[in-house]
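Colleague: Here you go, one structure.
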Amino acid sequence: MLGFGLLAAVLSVSAQSVPPVSGRSAAGTASSPGAQENVVQLSAFEVSTEKDKGYSSSQAVGATRMAVPLAEIPQAIVVLNEALIQDVQAMTIDDVAKFTSSFTRDGAPMEGVDHSPTIRGVSPTVFTDGLPETGRLDLSVYNRIEILKGPSAVIYGSTASGGVINRTTKKPDFARRHGSIDFLIGSWDDYRAGIDYTQPLGQEKRFSYRVVASYYDRKSWQDFFYDRKRVIAPMFGWRPTDRTTILVQIQDYHDKSAKIWGELFTLPPYTGTPSNPLRLSLGLDLPRGRTWAEPYSYNLEQNRRYSTSIDQKVSDTWSLRFTGSYTDYMNTEYTTIPRDMVVATPVRLMQRSWRNAFNPAESAVGALDSAWKFNLGKTRHNLIALAQYQENKSGATQYLGRSLTGNTTDVLARLDIYNPVYGAQPPQTFLSSSTRSKGTNFGTAVQEQAYLFGDKLILQAGVRYNRNTSQGTNALTGVVGAKGARTKTQPRYGVVYRPIAGVSLYVSRSGTFTPQYGTQPDGTPFRPVESDQDEIGVKFELLQGKVSALISHFKRDDKNLIILDPDPARASLGFRLQIPGDKLSGSEIDLFLNPVDGVQVIIGASKFSPQNLSGVLTRGIPREMLGGLVKYDFSRWVKNLAAGVGYSYQARRPGDAANSFFLDSFGVWEAFVSYRRGARRYNLKVDNLEDKYYAASAVNRNVIKAGKLRGITFRVTQEF
């Protein structure tokens with residue numbers, strides 16, 4: 001195994017321009033006296049999309065913080081590009097990631113936002129351009145989604161054990177002016193309009209700007225549902241030299257939507273046997289869209305993010321980058337909550353509680369990356385050194401309704417589900433909890449990849465040092481928790497063997513340490529979550545990119561996992577449980593195929609053994625998952641016409657943490673047709689082709705959400 005004694009040697013040669021291996025570029029295309037003016041060389045942190053074929057991409061920047069071919073990285077990574085995002089009219093990460101392995105959605109997909117997705121059974125940490133993200137942002141701002149499976153702590157530090165989702169934002173274009181305007185209309189008064197425009201400025205094109213904006217307004221088949229979302233993201237770029245790029249971005253996001261709870265069949269508490277909750281309904285002939293939202297219940301997300309990056313290509317072998325961001329986020333929730341049915345004959349009265357919550361958060365982060373690509377003797381090397389500092393502040397304030405007798409569960413007038421009358425208010429309200437928390441995280445790391453024996457053997461080794469602090473305050477009692485500090489050194493090892501061109505065998509071992517900045521409502525801090533994982537796999541890149549495949553098997557050991565409190569009353573107060581941990585193993589396959597001209601195929605499948613240390617299965621995680629999408633281009637017969645069919649399947653899975661009931665398996669079909677005429681694109685998409693009624697997810701026996709019904713959307717895009 002290659003040690004880190006090479007670091008001193010690297011530092012001594014890093015500023016020199018060592019010629020790259022024949023036929024390879026160490027960090028992009030070198031300039032020459034005959035090159036055209038203003039041809040800017042890519043730094044080590046920029047990915048070229050020229051080799052993208054169909055929906056697949058052969059490079060990722062998120063895995064090592066520098067642009068490296070996926071075949072050279074000992075980790076399971078899937079990259080989803082803008083072509084897929086456009087074809088399936090993706091509004092969220094869920095819309096595209098469901099075609100990959102080991103991805104589940106812990107929430108109803110109809111609400112138009114990413115609902116706690118899981119990768120390998122754990123909610124991933126979401127990053128934007130390599131920086132940790134706070135709150136939500138709209139997918140229209142991004143052009144690539146990199147799904148890094150398993151721990152990535154050496155590069156990202158405080159990350160979840162299941163994986164990392166790194167989203168890369170659109171950037172100002174310094175080469176040419178271009179843009180697009182799009183309009184969407186769909187079922188249930190679904191409307192969306194968006195614009196994306198970029199233009200360089202000046203004779204030498206040293207300046208550029210880009211503006212991405214969209215507005216989304218829709219309803220649904222469910223009672224009282226609405227969603228009004230808008231985002232505006234101005235971006236500015238400056239290239240003082242051909243090797244220096246400075247970017248500034250602002251993203252302003254606002255999303256107000258109805259607070260939707262479970263449908264009719266979720267109301268009776270379920271006991272005992274694994275059954276399909278759809279067949280355990282009350283047997284009433286009520287509308288399919290009946291849900292127990294109140295007309296005034298809503299959830300409001302407001303997020304404003306400021307970010308900057310300075311990318312300096314010092315030489316052909318050395319690049320530096322500084323990135324920083326500040327995010328101001330607020331979540332407001334004003335809602336009634338469905339509770340148990342009153343025991344009576346017939347069962348028709350539902351108890352309800354009332355809640356108003358405010359959850360602000362602030363995050364500031366800065367990172368400095370230094371990447372070297374150099375030769376040492378007959379070997380070549382990629383080395384990344386980084387340092388990152390983050391400060392977080394968050395709060396949670398909650399008001400509950402209370403009946404005249406002091407009850408907080410049966411607060412409002414009981415709802416007659418035969419003839420519901422909405423709009424009641426609690427007799428009295430009180431401040432039930434108010435907490436504040438703050439924390440910091442500092443991490444510094446170095447990771448090296450050494451290429452030996454003509455690049456047939458690649459060794460990866462890395463180590464990261466983290467220091468995490470956290471402190472919680474209970475504003476109701478005035479109690480300030482002790483300031484906790486934790487340090488952790490995390491190693492990573494990996495080997496890639498390439499016996500023949502286009503085939504890579506790999507094995508790796510990695511770990512993660514996830515600091516917890518939040519606290520329980522009573523001010524008790526959470527312990528950091530830790531994880532260790534071993535992984536083996538094989539990657540194929542054959543027939544000039546026509547066949548790309550990833551097959552992997554992993555075993556993971558998690559400690560101190562945080563889960564939802566199974567008691568609905570405590571969960572509604574913000575309490576969580578921290579269990580000893582999970583042990584999870586699984587196998588995955590992801591295929592990207594272009595077997596013949598005009599055909600593109602994605603297939604993602606996985607099989608898990610998701611059993612935690614207490615002997616029960618992890619809530620919401622099925623043993624088997626499958627996703628796929630096939631697209632065919634009819635250009636041989638009808639120019640610029642294409643069609644695609646997608647399918648996603650999840651097997652039977654636990655509906656709650658106690659495994660007291662299970663949700664049945666389901667499979668959902670969707671389809672799209674696209675047509676281009678000149679600079680205009682038309683896209684028609686149909687979700688849930690069979691109009692299947694299925695349980696998409698569950699929080700507990702009282703709150704189960706259905707998947708969206710059949711819906712049609714039509715989108716027109718005008719490019720210029």
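Here, A, B, ... name the chains of the structure tokens in the order displayed, residue numbers run from 1 inside each chain, and ligands are numbered from 1 in the same displayed order.
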Using backbone DSSP assignments, extract all helix (DSSP H, G or I) residues from range 93-312 of chain A; output them as a list in words.

Modeller: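 For range 93-312 of chain A, the helix (DSSP H, G or I) set is Asp94, Asp95, Val96, Ala97, Pro109, Met110, Glu111, Leu139, Ser140, Val141, Ala153, Val154, Ile155, Tyr156, Leu264, Phe265, Thr266, Pro277, Leu278, Arg279 and Leu280 of chain A.
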
Colleague: I'd like the neighbourhood of Tyr334 in chain A as a ChimeraX atom specification, where a residue qualifies if any of its atoms comes within 9 Å (using only C-alpha atoms), though same-chain residues fewer than 4 positions away should be ignored.

Modeller: /A:259,296-300,354-358

Colleague: Could those selected residues go to a file with C-alpha atoms, as a short mmCIF file (atom, residue, chain, number, x, y, z; two decimals), in the first residue's frame?

Modeller:
data_model
loop_
_atom_site.label_atom_id
_atom_site.label_comp_id
_atom_site.auth_asym_id
_atom_site.auth_seq_id
_atom_site.Cartn_x
_atom_site.Cartn_y
_atom_site.Cartn_z
CA LYS A 259 -49.31 20.02 4.81
CA TYR A 296 -55.16 26.21 6.50
CA SER A 297 -52.41 23.62 7.11
CA TYR A 298 -49.19 24.48 5.31
CA ASN A 299 -45.46 23.95 5.24
CA LEU A 300 -43.20 26.86 4.23
CA TRP A 354 -52.68 21.10 16.50
CA ARG A 355 -49.10 22.34 16.00
CA ASN A 356 -47.25 25.48 14.93
CA ALA A 357 -43.46 25.22 14.51
CA PHE A 358 -40.57 27.46 13.47
#

Colleague: So that I can see what lies close to His178 in chain A, please list as an MDAnalysis selection string the residues with an atom at most 8 Å from it, counting only C-alpha atoms and leaving out residues fewer than 2 positions away in the same chain.

Modeller: chainID A and resid 176 180 197:199 719:720

Colleague: Write out as a list in words the residues lying within 8 Å of range 221-223 of chain A, counting only C-alpha atoms and excluding same-chain residues fewer than 2 positions away.

Modeller: Trp188, Lys219, Phe225, Arg288, Gly289, Arg290, Thr291, Trp292, Ala293 and Leu709 of chain A

Colleague: From the list A:Arg192, A:Arg167, A:Lys607, A:Arg305, which residue is nearest Met235 in chain A when using only C-alpha atoms?

Modeller: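 Ranking A:Arg192, A:Arg167, A:Lys607, A:Arg305 by distance to Met235 in chain A, first place goes to A:Arg305.
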
Colleague: From the list A:Gln89, A:Ser101, A:Ser315, A:Gln59, which residue is nearest Leu684 in chain A when using only C-alpha atoms?

Modeller: A:Gln89

Colleague: Please identify all polymer residues within 9 Å of Ala385 in chain A, counting only C-alpha atoms, omitting same-chain residues fewer than 6 positions from it, and present them as number ranges by chain.

Modeller: A: 368-372, 444-448

Colleague: Against range 141-163 of chain A, which residues of range 561-654 of chain A fall within 12 Å? For each one I want the closest pair of atoms and the distance in Å (one decimal), counting only C-alpha atoms, rows by chain and increasing residue number, as JSON lines.

Modeller:
{"residue": "A:Leu561", "atom": "CA", "partner": "A:Ser161", "partner_atom": "CA", "distance": 10.0}
{"residue": "A:Ile562", "atom": "CA", "partner": "A:Ala160", "partner_atom": "CA", "distance": 11.3}
{"residue": "A:Gly581", "atom": "CA", "partner": "A:Ser161", "partner_atom": "CA", "distance": 11.5}
{"residue": "A:Asp582", "atom": "CA", "partner": "A:Ser161", "partner_atom": "CA", "distance": 10.7}
{"residue": "A:Lys583", "atom": "CA", "partner": "A:Ser161", "partner_atom": "CA", "distance": 11.4}
{"residue": "A:Leu584", "atom": "CA", "partner": "A:Gly162", "partner_atom": "CA", "distance": 10.0}
{"residue": "A:Ser585", "atom": "CA", "partner": "A:Gly162", "partner_atom": "CA", "distance": 11.2}
{"residue": "A:Gly586", "atom": "CA", "partner": "A:Gly150", "partner_atom": "CA", "distance": 11.4}
{"residue": "A:Ser587", "atom": "CA", "partner": "A:Lys149", "partner_atom": "CA", "distance": 11.9}
{"residue": "A:Glu588", "atom": "CA", "partner": "A:Lys149", "partner_atom": "CA", "distance": 10.5}
{"residue": "A:Asp590", "atom": "CA", "partner": "A:Ile147", "partner_atom": "CA", "distance": 11.8}

Colleague: Counting only C-alpha atoms, which residue out of A:Ile165, A:Val596, A:Leu70, A:Ile500 sits closest to Lys546 in chain A?

Modeller: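 Smallest distance to Lys546 in chain A is found for A:Val596.
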
Colleague: Nearest residue to Arg230 in chain A out of A:Glu301, A:Asp656, A:Asp242, A:Asp190, using only C-alpha atoms?

Modeller: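 For Arg230 in chain A, the nearest of the given residues is A:Glu301.
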
Colleague: Name the residues in contact with range 128-139 of chain A at a cut-off of 7 Å, using only C-alpha atoms, excluding same-chain residues fewer than 6 positions from it; report them as a ChimeraX atom specification.

Modeller: /A:62,91-92,166-169,231,253,303,327,329,363
